[in-house]
file model_9.txt (compact mmCIF, C-alpha atoms and all ligand atoms)
# COMPACT_ATOMS: atom_id res chain seq x y z
CA MET A 1 46.90 -22.58 -83.15
CA GLY A 2 46.94 -18.81 -83.71
CA ALA A 3 43.91 -18.29 -81.48
CA ALA A 4 45.43 -20.30 -78.65
CA ARG A 5 48.52 -18.10 -78.56
CA VAL A 6 46.51 -14.89 -78.41
CA VAL A 7 44.86 -15.78 -75.13
CA HIS A 8 47.94 -17.16 -73.42
CA GLU A 9 49.60 -13.75 -73.70
CA TRP A 10 46.73 -12.36 -71.60
CA ALA A 11 47.63 -14.61 -68.71
CA LEU A 12 51.21 -13.34 -68.82
CA ALA A 13 50.07 -9.73 -69.18
CA GLU A 14 47.92 -10.19 -66.06
CA ALA A 15 50.97 -11.46 -64.20
CA ILE A 16 52.99 -8.40 -65.22
CA ALA A 17 50.06 -6.12 -64.28
CA ASP A 18 49.76 -7.73 -60.85
CA TYR A 19 53.48 -7.29 -60.41
CA VAL A 20 53.16 -3.59 -61.20
CA PHE A 21 50.16 -3.16 -58.82
CA LYS A 22 52.13 -4.81 -56.03
CA SER A 23 55.29 -2.78 -56.66
CA ALA A 24 53.54 0.55 -57.02
CA PRO A 25 50.14 0.26 -55.33
CA SER A 26 49.11 3.91 -55.66
CA ALA A 27 50.99 5.04 -58.78
CA LYS A 28 48.89 6.51 -61.58
CA ARG A 29 51.69 6.68 -64.11
CA VAL A 30 54.19 3.87 -64.51
CA ARG A 31 56.78 2.66 -66.92
CA VAL A 32 57.46 -1.04 -67.17
CA THR A 33 60.34 -2.69 -68.98
CA VAL A 34 59.84 -6.38 -69.72
CA ARG A 35 62.47 -8.78 -70.99
CA LEU A 36 61.10 -11.43 -73.33
CA GLY A 37 63.19 -14.54 -73.82
CA GLU A 38 63.21 -15.96 -77.32
CA LEU A 39 62.46 -19.49 -76.04
CA GLN A 40 58.91 -18.72 -74.87
CA ALA A 41 58.18 -16.86 -78.13
CA VAL A 42 55.68 -14.42 -76.62
CA ASP A 43 53.82 -12.28 -79.17
CA GLU A 44 55.02 -8.74 -78.46
CA GLY A 45 52.07 -6.96 -80.05
CA ILE A 46 49.45 -8.90 -78.14
CA LEU A 47 51.31 -8.71 -74.84
CA LYS A 48 51.69 -4.95 -75.15
CA PHE A 49 48.05 -4.51 -76.13
CA ALA A 50 46.81 -6.72 -73.28
CA LEU A 51 48.99 -5.01 -70.70
CA ARG A 52 47.86 -1.53 -71.79
CA GLU A 53 44.19 -2.63 -71.69
CA ILE A 54 44.51 -4.05 -68.19
CA MET A 55 46.29 -0.92 -66.95
CA LYS A 56 43.76 1.36 -68.59
CA SER A 57 40.91 -0.47 -66.88
CA GLU A 58 42.64 0.31 -63.56
CA GLY A 59 43.06 3.98 -64.50
CA ILE A 60 46.83 3.78 -64.83
CA ALA A 61 48.84 5.32 -67.63
CA CYS A 62 51.45 2.75 -68.52
CA GLU A 63 54.40 2.97 -70.83
CA VAL A 64 55.48 -0.51 -71.93
CA VAL A 65 59.01 -1.22 -73.13
CA LEU A 66 59.71 -4.71 -74.43
CA LYS A 67 63.22 -6.07 -74.84
CA ARG A 68 63.92 -9.22 -76.80
CA GLU A 69 66.62 -11.55 -75.52
CA ASP A 70 68.17 -14.23 -77.72
CA CYS A 71 68.09 -17.74 -76.31
CA VAL A 72 71.48 -19.31 -75.58
CA LEU A 73 71.84 -22.94 -74.53
CA LYS A 74 74.80 -24.60 -72.85
CA CYS A 75 75.44 -28.30 -72.38
CA ARG A 76 76.26 -29.32 -68.82
CA ARG A 77 77.94 -32.49 -69.99
CA CYS A 78 80.36 -31.29 -72.70
CA GLY A 79 80.18 -27.50 -72.31
CA HIS A 80 79.03 -26.81 -75.86
CA GLU A 81 77.15 -23.53 -76.30
CA TRP A 82 74.64 -22.94 -79.08
CA LEU A 83 71.79 -20.66 -80.10
CA LEU A 84 68.12 -21.54 -80.28
CA LYS A 85 68.11 -19.87 -83.71
CA GLU A 86 70.18 -22.79 -85.01
CA VAL A 87 67.43 -25.26 -84.04
CA GLU A 88 64.38 -26.24 -86.14
CA PHE A 89 61.19 -27.19 -84.30
CA GLY A 90 57.80 -28.26 -85.62
CA GLU A 91 54.72 -26.15 -84.86
CA GLU A 92 53.43 -28.52 -82.12
CA VAL A 93 56.74 -28.46 -80.28
CA ARG A 94 57.03 -24.69 -80.49
CA GLU A 95 53.53 -24.44 -79.06
CA ALA A 96 54.38 -26.77 -76.15
CA ILE A 97 57.51 -24.75 -75.36
CA HIS A 98 55.50 -21.54 -75.53
CA PHE A 99 53.40 -22.77 -72.59
CA VAL A 100 56.15 -24.36 -70.49
CA PRO A 101 59.60 -23.40 -71.80
CA GLU A 102 61.35 -26.13 -69.77
CA VAL A 103 59.76 -28.84 -71.93
CA VAL A 104 62.49 -27.90 -74.42
CA HIS A 105 64.38 -30.68 -72.61
CA SER A 106 61.83 -33.14 -73.96
CA TYR A 107 62.49 -32.18 -77.57
CA LEU A 108 66.11 -31.04 -77.80
CA LYS A 109 69.53 -32.57 -77.22
CA CYS A 110 73.02 -31.10 -77.27
CA PRO A 111 74.09 -31.09 -80.94
CA LYS A 112 77.65 -32.09 -79.92
CA CYS A 113 77.17 -34.93 -77.42
CA GLY A 114 73.44 -35.74 -77.49
CA SER A 115 72.81 -34.90 -73.82
CA ARG A 116 69.49 -33.45 -72.63
CA ASP A 117 71.26 -32.07 -69.58
CA PHE A 118 71.72 -28.57 -70.94
CA GLU A 119 71.00 -25.19 -69.46
CA VAL A 120 69.05 -22.27 -70.87
CA ILE A 121 71.59 -19.66 -69.89
CA LYS A 122 69.75 -16.73 -71.52
CA GLY A 123 66.42 -15.93 -73.09
CA ARG A 124 63.98 -18.23 -71.28
CA GLY A 125 60.76 -16.31 -70.70
CA VAL A 126 59.13 -13.23 -69.22
CA TRP A 127 60.91 -11.08 -66.65
CA VAL A 128 60.16 -7.62 -65.32
CA GLU A 129 63.41 -5.76 -65.71
CA GLU A 130 62.14 -2.52 -64.27
CA VAL A 131 59.00 -0.85 -63.03
CA SER A 132 59.45 2.83 -62.39
CA TRP A 133 57.00 5.32 -60.99
CA GLU A 134 56.98 8.63 -59.17
CA MET B 135 59.36 12.13 -54.48
CA GLY B 136 61.97 10.60 -56.77
CA VAL B 137 61.66 7.68 -59.14
CA MET B 138 61.28 4.26 -57.57
CA VAL B 139 62.12 1.02 -59.29
CA SER B 140 61.44 -2.65 -58.80
CA GLN B 141 62.40 -5.75 -60.76
CA GLY B 142 61.47 -9.42 -60.55
CA ASP B 143 59.41 -12.41 -61.63
CA PRO B 144 55.85 -11.40 -62.59
CA ARG B 145 54.56 -14.99 -62.28
CA LEU B 146 54.83 -14.97 -58.50
CA ALA B 147 52.63 -11.87 -58.38
CA VAL B 148 49.69 -13.54 -60.09
CA ILE B 149 49.61 -16.92 -58.30
CA GLY B 150 47.41 -15.58 -55.50
CA ARG B 151 44.84 -14.36 -58.02
CA ARG B 152 44.80 -17.74 -59.81
CA LEU B 153 44.07 -19.53 -56.54
CA ALA B 154 41.70 -16.93 -55.14
CA ARG B 155 38.59 -19.04 -55.69
CA VAL B 156 40.13 -22.33 -54.59
CA ALA B 157 38.75 -23.12 -51.14
CA ARG B 158 41.04 -25.94 -50.02
CA VAL B 159 44.43 -27.11 -51.29
CA VAL B 160 45.35 -30.70 -50.49
CA PRO B 161 48.89 -31.65 -51.52
CA VAL B 162 49.36 -35.41 -51.36
CA MET B 163 52.88 -35.99 -50.11
CA SER B 164 55.32 -38.59 -48.96
CA SER B 165 59.03 -38.45 -48.55
CA LYS B 166 58.93 -42.16 -49.46
CA GLY B 167 58.58 -43.22 -53.10
CA GLY B 168 56.09 -45.73 -54.44
CA VAL B 169 53.68 -45.57 -51.51
CA GLY B 170 50.69 -44.72 -53.71
CA LYS B 171 50.62 -40.91 -53.81
CA THR B 172 49.59 -40.76 -57.45
CA LEU B 173 46.92 -43.41 -57.30
CA LEU B 174 45.57 -41.96 -54.09
CA SER B 175 45.52 -38.39 -55.44
CA CYS B 176 43.56 -39.48 -58.49
CA LEU B 177 41.07 -41.62 -56.58
CA LEU B 178 40.63 -38.94 -53.93
CA ALA B 179 39.89 -36.32 -56.59
CA LEU B 180 37.35 -38.65 -58.23
CA ALA B 181 35.73 -39.53 -54.90
CA LEU B 182 35.43 -35.89 -53.80
CA SER B 183 33.92 -34.97 -57.14
CA GLU B 184 31.45 -37.84 -56.94
CA ARG B 185 30.27 -36.35 -53.64
CA GLY B 186 29.41 -33.07 -55.35
CA ALA B 187 32.59 -31.09 -54.68
CA ARG B 188 34.18 -29.02 -57.43
CA VAL B 189 37.63 -30.56 -57.74
CA GLY B 190 40.90 -29.83 -59.51
CA LEU B 191 43.83 -32.22 -59.74
CA LEU B 192 47.33 -30.93 -60.44
CA ASP B 193 50.14 -33.35 -61.24
CA LEU B 194 53.21 -31.63 -59.83
CA ASP B 195 55.54 -34.57 -60.28
CA VAL B 196 57.14 -32.46 -62.98
CA THR B 197 59.88 -34.77 -64.23
CA ASN B 198 57.84 -37.95 -63.84
CA PRO B 199 54.14 -37.22 -64.30
CA THR B 200 51.88 -40.30 -64.15
CA ALA B 201 48.46 -39.08 -62.96
CA HIS B 202 47.35 -38.86 -66.62
CA VAL B 203 48.07 -42.59 -66.93
CA VAL B 204 45.82 -43.38 -63.96
CA LEU B 205 43.01 -41.21 -65.38
CA GLY B 206 43.54 -42.33 -68.97
CA ALA B 207 43.80 -38.65 -70.01
CA ASP B 208 44.19 -37.78 -73.68
CA LEU B 209 47.53 -36.03 -74.25
CA SER B 210 47.09 -35.66 -77.99
CA LYS B 211 45.88 -32.07 -77.82
CA PHE B 212 46.72 -29.07 -75.68
CA PRO B 213 44.20 -27.85 -73.12
CA GLU B 214 41.78 -25.12 -74.21
CA GLU B 215 42.56 -21.52 -73.43
CA ASP B 216 40.66 -18.61 -72.08
CA ARG B 217 43.11 -15.93 -70.99
CA GLY B 218 45.17 -18.77 -69.59
CA VAL B 219 45.12 -22.55 -69.67
CA VAL B 220 41.81 -24.19 -68.78
CA PRO B 221 42.35 -27.70 -67.40
CA PRO B 222 40.21 -30.29 -69.24
CA LEU B 223 37.49 -32.11 -67.30
CA ILE B 224 38.28 -35.79 -66.80
CA GLY B 225 35.83 -37.87 -64.82
CA GLY B 226 34.37 -34.60 -63.49
CA VAL B 227 37.79 -33.38 -62.30
CA LYS B 228 39.71 -30.40 -63.76
CA PHE B 229 43.02 -32.02 -64.56
CA MET B 230 46.31 -30.20 -65.20
CA SER B 231 49.69 -31.75 -65.94
CA VAL B 232 52.96 -30.82 -67.62
CA ALA B 233 52.50 -34.07 -69.55
CA TYR B 234 50.12 -32.22 -71.91
CA TYR B 235 53.26 -30.43 -73.14
CA SER B 236 56.08 -32.93 -72.61
CA GLY B 237 54.06 -35.97 -73.72
CA GLU B 238 55.70 -39.26 -72.83
CA ASN B 239 59.18 -37.89 -73.60
CA PRO B 240 61.84 -37.72 -70.89
CA LEU B 241 61.89 -34.37 -69.08
CA PRO B 242 65.18 -34.21 -67.17
CA LEU B 243 65.31 -30.99 -65.16
CA ARG B 244 67.59 -29.36 -62.64
CA GLY B 245 66.13 -27.87 -59.46
CA TRP B 246 65.77 -24.26 -60.64
CA GLU B 247 64.11 -25.50 -63.81
CA ILE B 248 61.54 -27.44 -61.80
CA ASP B 249 60.84 -24.28 -59.82
CA ASN B 250 60.37 -22.44 -63.12
CA VAL B 251 57.86 -25.04 -64.32
CA VAL B 252 55.88 -24.81 -61.09
CA ARG B 253 55.77 -21.01 -61.28
CA GLU B 254 54.72 -21.11 -64.93
CA VAL B 255 51.95 -23.66 -64.38
CA LEU B 256 50.58 -21.86 -61.32
CA ALA B 257 50.69 -18.52 -63.14
CA VAL B 258 48.76 -19.56 -66.25
CA THR B 259 46.30 -22.24 -65.07
CA ILE B 260 42.76 -20.93 -64.68
CA TRP B 261 41.10 -23.11 -62.02
CA GLY B 262 38.01 -21.00 -61.47
CA ASP B 263 35.82 -22.01 -58.52
CA LEU B 264 37.05 -25.11 -56.71
CA ASP B 265 36.18 -26.67 -53.39
CA PHE B 266 39.34 -28.78 -53.52
CA LEU B 267 42.61 -28.66 -55.41
CA VAL B 268 44.36 -32.01 -54.96
CA ILE B 269 48.06 -31.99 -55.84
CA ASP B 270 50.15 -35.04 -56.61
CA THR B 271 53.80 -34.52 -55.67
CA PRO B 272 57.00 -36.51 -56.24
CA PRO B 273 58.71 -38.46 -53.45
CA GLY B 274 61.32 -36.78 -51.30
CA ILE B 275 61.45 -33.28 -49.89
CA GLY B 276 62.63 -31.49 -53.00
CA ASP B 277 61.72 -28.61 -55.25
CA GLU B 278 58.08 -29.40 -55.98
CA VAL B 279 57.25 -30.08 -52.34
CA LEU B 280 59.01 -26.91 -51.18
CA ASP B 281 57.29 -24.91 -53.92
CA VAL B 282 53.88 -26.17 -52.79
CA LEU B 283 54.64 -25.14 -49.22
CA SER B 284 55.91 -21.72 -50.34
CA TYR B 285 53.58 -20.70 -53.16
CA PHE B 286 50.23 -21.92 -51.83
CA PRO B 287 49.05 -19.45 -49.23
CA LYS B 288 47.12 -22.18 -47.39
CA HIS B 289 47.34 -25.94 -47.67
CA GLU B 290 46.31 -29.09 -45.86
CA PRO B 291 48.95 -31.75 -46.52
CA LEU B 292 47.82 -35.35 -46.84
CA VAL B 293 50.78 -37.56 -46.00
CA VAL B 294 50.79 -41.08 -47.41
CA ALA B 295 52.61 -43.85 -45.56
CA THR B 296 52.78 -47.62 -45.87
CA PRO B 297 53.15 -49.80 -42.77
CA SER B 298 56.85 -50.49 -43.07
CA PRO B 299 59.72 -49.41 -40.82
CA LEU B 300 61.56 -47.74 -43.71
CA THR B 301 58.52 -45.68 -44.63
CA VAL B 302 58.03 -44.68 -41.03
CA ALA B 303 61.66 -43.55 -40.76
CA SER B 304 61.27 -41.51 -43.92
CA VAL B 305 57.83 -40.02 -43.25
CA ARG B 306 58.91 -38.96 -39.76
CA ARG B 307 61.25 -36.40 -41.38
CA LEU B 308 58.47 -35.03 -43.54
CA LEU B 309 56.11 -34.76 -40.56
CA LYS B 310 58.81 -32.97 -38.62
CA LEU B 311 59.19 -30.45 -41.44
CA LEU B 312 55.45 -30.00 -41.91
CA THR B 313 54.59 -29.59 -38.24
CA GLU B 314 57.18 -26.83 -37.99
CA ALA B 315 55.21 -24.74 -40.48
CA VAL B 316 51.61 -25.96 -40.62
CA LYS B 317 49.11 -26.35 -37.78
CA GLY B 318 48.78 -29.98 -36.72
CA GLU B 319 45.03 -30.10 -37.30
CA LEU B 320 45.58 -29.24 -40.97
CA ILE B 321 47.98 -32.14 -41.51
CA ARG B 322 46.57 -35.61 -42.07
CA VAL B 323 48.09 -39.03 -42.52
CA VAL B 324 46.70 -41.92 -44.54
CA GLU B 325 47.96 -45.46 -44.36
CA ASN B 326 48.10 -47.07 -47.78
CA MET B 327 48.57 -50.69 -48.83
CA ALA B 328 47.48 -51.81 -45.39
CA ARG B 329 47.56 -55.61 -45.06
CA ASP B 330 46.88 -56.27 -41.39
CA ASP B 331 45.77 -54.44 -38.30
CA SER B 332 49.08 -52.88 -37.35
CA ASP B 333 48.86 -49.48 -35.62
CA ILE B 334 52.28 -48.33 -36.71
CA ILE B 335 51.03 -45.43 -38.88
CA ALA B 336 48.19 -44.40 -36.57
CA ASP B 337 50.74 -44.22 -33.74
CA LEU B 338 53.06 -42.13 -35.87
CA ALA B 339 50.26 -39.62 -36.50
CA LYS B 340 49.45 -39.53 -32.81
CA LYS B 341 53.05 -38.85 -31.91
CA PHE B 342 53.10 -35.78 -34.17
CA HIS B 343 49.62 -34.61 -33.06
CA VAL B 344 48.32 -34.72 -36.64
CA GLY B 345 45.14 -36.27 -37.98
CA PHE B 346 44.85 -39.91 -39.01
CA LEU B 347 42.26 -40.50 -41.73
CA GLY B 348 42.41 -44.28 -41.77
CA LYS B 349 43.65 -47.14 -43.88
CA VAL B 350 43.46 -47.93 -47.56
CA ARG B 351 43.83 -51.67 -47.93
CA PHE B 352 46.12 -53.35 -50.40
CA ASP B 353 44.01 -54.05 -53.49
CA GLU B 354 45.62 -56.52 -55.86
CA GLY B 355 43.07 -55.68 -58.57
CA VAL B 356 43.70 -51.95 -58.74
CA ASP B 357 46.58 -52.00 -61.24
CA ARG B 358 44.28 -53.60 -63.81
CA ALA B 359 41.87 -50.67 -63.45
CA VAL B 360 44.51 -48.01 -64.14
CA GLY B 361 43.59 -45.89 -67.17
CA ASP B 362 39.86 -46.63 -66.90
CA ILE B 363 37.90 -44.35 -64.59
CA ASP B 364 34.82 -46.58 -64.45
CA ALA B 365 36.92 -49.58 -63.51
CA LEU B 366 38.78 -47.51 -60.90
CA ARG B 367 35.44 -46.50 -59.39
CA ARG B 368 34.55 -50.17 -59.00
CA SER B 369 37.83 -51.06 -57.25
CA ARG B 370 38.11 -51.86 -53.58
CA MET B 371 40.78 -49.19 -53.22
CA TYR B 372 38.24 -46.59 -54.42
CA LYS B 373 35.82 -47.67 -51.70
CA ASP B 374 38.50 -47.16 -49.06
CA VAL B 375 39.57 -43.82 -50.52
CA SER B 376 35.91 -42.73 -50.57
CA MET B 377 35.82 -43.13 -46.78
CA ILE B 378 38.84 -40.83 -46.59
CA ALA B 379 37.11 -38.34 -48.89
CA GLU B 380 34.07 -38.33 -46.57
CA LYS B 381 36.30 -37.40 -43.65
CA LEU B 382 37.87 -34.56 -45.63
CA LEU B 383 34.57 -32.99 -46.71
N1 LIG C 1 46.14 -49.65 -52.07
C1 LIG C 1 46.87 -50.23 -53.04
N2 LIG C 1 46.70 -51.53 -53.35
C2 LIG C 1 47.43 -52.12 -54.30
N3 LIG C 1 48.36 -51.50 -55.04
C3 LIG C 1 48.58 -50.18 -54.79
C4 LIG C 1 47.86 -49.48 -53.78
N4 LIG C 1 48.30 -48.20 -53.76
C5 LIG C 1 49.23 -48.11 -54.72
N5 LIG C 1 49.41 -49.29 -55.33
C6 LIG C 1 50.35 -49.58 -56.41
O1 LIG C 1 51.65 -49.20 -56.01
C7 LIG C 1 52.38 -48.70 -57.12
C8 LIG C 1 52.88 -47.30 -56.83
O2 LIG C 1 51.78 -46.42 -56.77
P1 LIG C 1 51.93 -44.90 -57.13
O3 LIG C 1 52.60 -44.72 -58.43
O4 LIG C 1 50.60 -44.27 -56.93
O5 LIG C 1 52.93 -44.46 -55.97
P2 LIG C 1 53.65 -43.05 -55.81
O6 LIG C 1 53.83 -42.82 -54.36
O7 LIG C 1 52.95 -42.02 -56.58
O8 LIG C 1 55.06 -43.33 -56.49
P3 LIG C 1 56.21 -42.23 -56.79
O9 LIG C 1 56.88 -42.01 -55.48
O10 LIG C 1 57.08 -42.88 -57.80
O11 LIG C 1 55.52 -41.01 -57.29
C9 LIG C 1 51.45 -48.76 -58.31
O12 LIG C 1 51.69 -49.93 -59.03
C10 LIG C 1 50.10 -48.77 -57.68
O13 LIG C 1 49.12 -49.37 -58.48
MG MG C 2 53.68 -40.68 -58.04
ZN ZN C 3 76.96 -31.71 -74.96

call {"tool": "encode", "arguments": {"input": "model_9.txt", "output": "structure tokens"}}
result
Amino acid sequence: MGAARVVHEWALAEAIADYVFKSAPSAKRVRVTVRLGELQAVDEGILKFALREIMKSEGIACEVVLKREDCVLKCRRCGHEWLLKEVEFGEEVREAIHFVPEVVHSYLKCPKCGSRDFEVIKGRGVWVEEVSWE
Amino acid sequence: MGVMVSQGDPRLAVIGRRLARVARVVPVMSSKGGVGKTLLSCLLALALSERGARVGLLDLDVTNPTAHVVLGADLSKFPEEDRGVVPPLIGGVKFMSVAYYSGENPLPLRGWEIDNVVREVLAVTIWGDLDFLVIDTPPGIGDEVLDVLSYFPKHEPLVVATPSPLTVASVRRLLKLLTEAVKGELIRVVENMARDDSDIIADLAKKFHVGFLGKVRFDEGVDRAVGDIDALRRSRMYKDVSMIAEKLL
């Protein structure tokens, strides 16, 4: 389990790196701020390490800022809002959600009305909040 | 020069890299449901692979995946990883599906969530070198189909139609949409569940100046072979699909 997670973060780090290369094709010094939604449960340490390694191999000095975002869920049927923190998942389910966060709909229902038709209104996954360069 | 900033979804930036060594992308589509897209996608992938091509199969019917049922794929463990998700080999085909993660549970999703799943899967799946990536899509002209047309830099749609007036009415809309964006010679139509020698689908293809790859006959035995690749390979439907594979190669 642990090993599987380590390598998945590399795929996401590559995506962020490609985003930076496309935004700032000739920059040698960049700063990237990434928002990490609680639902996908990305390992911050590994993501940061992977991103720095990829950037270094391209000769770019990169400052990485990671921001955690709590996951908030809202039922579309009854309007109830709740936090992912209030939910208990087994290891297998957490792993599945780590790969494809939307499969949370396969394993979770609204605690008020039992509907699976809820929305992840905050804290889904990985988002580049800002790349800045000179 | 001052400071410049940019913000957005990193997954879209990496999709091109993930597909860089995929030579041909063949989304199997039909605006009409139940015409055999899934069965045809699976058999086509198997037939291409049997002819020596390196083949991937992606089930993009996100809320209703069934290709794993046709192939008898084992959902009990997650795919291996190597800096991304490596699709397991099934019958010689690299097979990827959201079903590895959702299992046989319901997966009700709104449109933007489906788009999110497609982006996620395309961003983390490591296909490696492929001659063909066959994609099974849901019926209609909805999120998955639009995502395929938008996110895959090049694609050769394979449109499935059955010889019925309702299918023709439906598929005409899809062909109209496709021919607006894709060159006619890259679009191909297959007639499935053919029972007689009607030319209704061949004529439809002609009218839109797209390719017609032939007919796959109705095979009453094929449902019994579902879930068993060896049995599928012995079916009459597989023989017909193999002829289509030959024409695609
Ligand atoms: N050539 C054929 N001969 C006999 N039965 C067929 C043939 N093609 C498909 N079928 C049967 O038709 C049914 C629908 O097939 P399939 O699920 O592949 O269609 P689909 O287009 O993917 O459906 P959906 O639109 O729901 O995704 C299945 O029971 C399948 O076995
Ligand atoms: Mg189908
Ligand atoms: Zn509710």

call {"tool": "residues_near_ligand", "arguments": {"input": "model_9.txt", "ligand": "ligand MG 2 (chain C)", "cutoff": "12 Å", "atoms": "all atoms listed in the file", "output": "PDB file with C-alpha atoms, keeping the file's coordinate frame"}}
result
ATOM      1  CA  VAL B 162      49.360 -35.410 -51.360  1.00  0.00           C
ATOM      2  CA  MET B 163      52.880 -35.990 -50.110  1.00  0.00           C
ATOM      3  CA  SER B 164      55.320 -38.590 -48.960  1.00  0.00           C
ATOM      4  CA  SER B 165      59.030 -38.450 -48.550  1.00  0.00           C
ATOM      5  CA  LYS B 166      58.930 -42.160 -49.460  1.00  0.00           C
ATOM      6  CA  GLY B 167      58.580 -43.220 -53.100  1.00  0.00           C
ATOM      7  CA  GLY B 168      56.090 -45.730 -54.440  1.00  0.00           C
ATOM      8  CA  VAL B 169      53.680 -45.570 -51.510  1.00  0.00           C
ATOM      9  CA  GLY B 170      50.690 -44.720 -53.710  1.00  0.00           C
ATOM     10  CA  LYS B 171      50.620 -40.910 -53.810  1.00  0.00           C
ATOM     11  CA  THR B 172      49.590 -40.760 -57.450  1.00  0.00           C
ATOM     12  CA  LEU B 173      46.920 -43.410 -57.300  1.00  0.00           C
ATOM     13  CA  LEU B 174      45.570 -41.960 -54.090  1.00  0.00           C
ATOM     14  CA  SER B 175      45.520 -38.390 -55.440  1.00  0.00           C
ATOM     15  CA  CYS B 176      43.560 -39.480 -58.490  1.00  0.00           C
ATOM     16  CA  LEU B 192      47.330 -30.930 -60.440  1.00  0.00           C
ATOM     17  CA  ASP B 193      50.140 -33.350 -61.240  1.00  0.00           C
ATOM     18  CA  LEU B 194      53.210 -31.630 -59.830  1.00  0.00           C
ATOM     19  CA  ASP B 195      55.540 -34.570 -60.280  1.00  0.00           C
ATOM     20  CA  VAL B 196      57.140 -32.460 -62.980  1.00  0.00           C
ATOM     21  CA  THR B 197      59.880 -34.770 -64.230  1.00  0.00           C
ATOM     22  CA  ASN B 198      57.840 -37.950 -63.840  1.00  0.00           C
ATOM     23  CA  PRO B 199      54.140 -37.220 -64.300  1.00  0.00           C
ATOM     24  CA  THR B 200      51.880 -40.300 -64.150  1.00  0.00           C
ATOM     25  CA  ALA B 201      48.460 -39.080 -62.960  1.00  0.00           C
ATOM     26  CA  HIS B 202      47.350 -38.860 -66.620  1.00  0.00           C
ATOM     27  CA  VAL B 203      48.070 -42.590 -66.930  1.00  0.00           C
ATOM     28  CA  VAL B 204      45.820 -43.380 -63.960  1.00  0.00           C
ATOM     29  CA  ILE B 269      48.060 -31.990 -55.840  1.00  0.00           C
ATOM     30  CA  ASP B 270      50.150 -35.040 -56.610  1.00  0.00           C
ATOM     31  CA  THR B 271      53.800 -34.520 -55.670  1.00  0.00           C
ATOM     32  CA  PRO B 272      57.000 -36.510 -56.240  1.00  0.00           C
ATOM     33  CA  PRO B 273      58.710 -38.460 -53.450  1.00  0.00           C
ATOM     34  CA  GLY B 274      61.320 -36.780 -51.300  1.00  0.00           C
ATOM     35  CA  VAL B 294      50.790 -41.080 -47.410  1.00  0.00           C
TER      36      VAL B 294
END

call {"tool": "atom_distance", "arguments": {"input": "model_9.txt", "atom1": "atom CA of Ser304 of chain B", "atom2": "atom CA of Met371 of chain B"}}
result
23.8 Å

call {"tool": "closest_atom_pairs", "arguments": {"input": "model_9.txt", "of": "chain A", "to": "ligand ZN 3 (chain C)", "cutoff": "10 Å", "atoms": "only C-alpha atoms and all ligand atoms", "output": "tab-separated table"}}
result
residue	atom	partner	partner_atom	distance
A:Lys74	CA	C:ZN3	ZN	7.7
A:Cys75	CA	C:ZN3	ZN	4.5
A:Arg76	CA	C:ZN3	ZN	6.6
A:Arg77	CA	C:ZN3	ZN	5.1
A:Cys78	CA	C:ZN3	ZN	4.1
A:Gly79	CA	C:ZN3	ZN	5.9
A:His80	CA	C:ZN3	ZN	5.4
A:Glu81	CA	C:ZN3	ZN	8.3
A:Trp82	CA	C:ZN3	ZN	10.0
A:Lys109	CA	C:ZN3	ZN	7.8
A:Cys110	CA	C:ZN3	ZN	4.6
A:Pro111	CA	C:ZN3	ZN	6.7
A:Lys112	CA	C:ZN3	ZN	5.0
A:Cys113	CA	C:ZN3	ZN	4.1
A:Gly114	CA	C:ZN3	ZN	5.9
A:Ser115	CA	C:ZN3	ZN	5.4
A:Arg116	CA	C:ZN3	ZN	8.0
A:Asp117	CA	C:ZN3	ZN	7.8
A:Phe118	CA	C:ZN3	ZN	7.3

call {"tool": "axis_aligned_box", "arguments": {"input": "model_9.txt", "around": "segment 21-24 of chain A", "padding_each_side": "6 Å", "output": "lines of an AutoDock Vina configuration file"}}
result
center_x = 52.7
center_y = -2.1
center_z = -57.4
size_x = 17.1
size_y = 17.4
size_z = 14.8

call {"tool": "residues_near_point", "arguments": {"input": "model_9.txt", "point": "(57.6, -15.2, -59.4)", "cutoff": "10 Å", "atoms": "all atoms listed in the file", "output": "number ranges by chain"}}
result
A: 15, 19, 127-128; B: 142-149, 249-250, 252-254, 256-257, 285

call {"tool": "interface_residues", "arguments": {"input": "model_9.txt", "of": "chain B", "to": "chain A", "cutoff": "6 Å", "atoms": "only C-alpha atoms", "output": "list in words"}}
result
Gly136, Val137, Met138, Val139, Ser140, Gln141, Gly142, Asp143, Pro144, Arg145, Ala147, Val148, Asp216, Arg217, Gly218, Tyr235, Ser236, Asn239, Pro240, Leu241 and Val258 of chain B

call {"tool": "closest_residue", "arguments": {"input": "model_9.txt", "among": "B:Ile248, B:Val219, B:Val293, B:Ala187", "to": "Glu278 of chain B", "atoms": "all atoms listed in the file"}}
result
B:Ile248

call {"tool": "atom_distance", "arguments": {"input": "model_9.txt", "atom1": "atom CA of Ala181 of chain B", "atom2": "atom CA of Val375 of chain B"}}
result
7.2 Å

call {"tool": "closest_residue", "arguments": {"input": "model_9.txt", "among": "B:Val255, B:Arg152, B:Val159, B:Val316", "to": "Ala179 of chain B", "atoms": "all atoms listed in the file"}}
result
B:Val159

call {"tool": "closest_residue", "arguments": {"input": "model_9.txt", "among": "B:Val324, B:Val360, B:Leu280, B:Ile224", "to": "ligand LIG 1 (chain C)", "atoms": "only C-alpha atoms and all ligand atoms"}}
result
B:Val360

call {"tool": "closest_residue", "arguments": {"input": "model_9.txt", "among": "B:Met230, B:Val344, B:Ala359, B:Ala336", "to": "Ile260 of chain B", "atoms": "only C-alpha atoms"}}
result
B:Met230

call {"tool": "atom_distance", "arguments": {"input": "model_9.txt", "atom1": "atom CA of His289 of chain B", "atom2": "atom CA of Pro25 of chain A"}}
result
27.4 Å
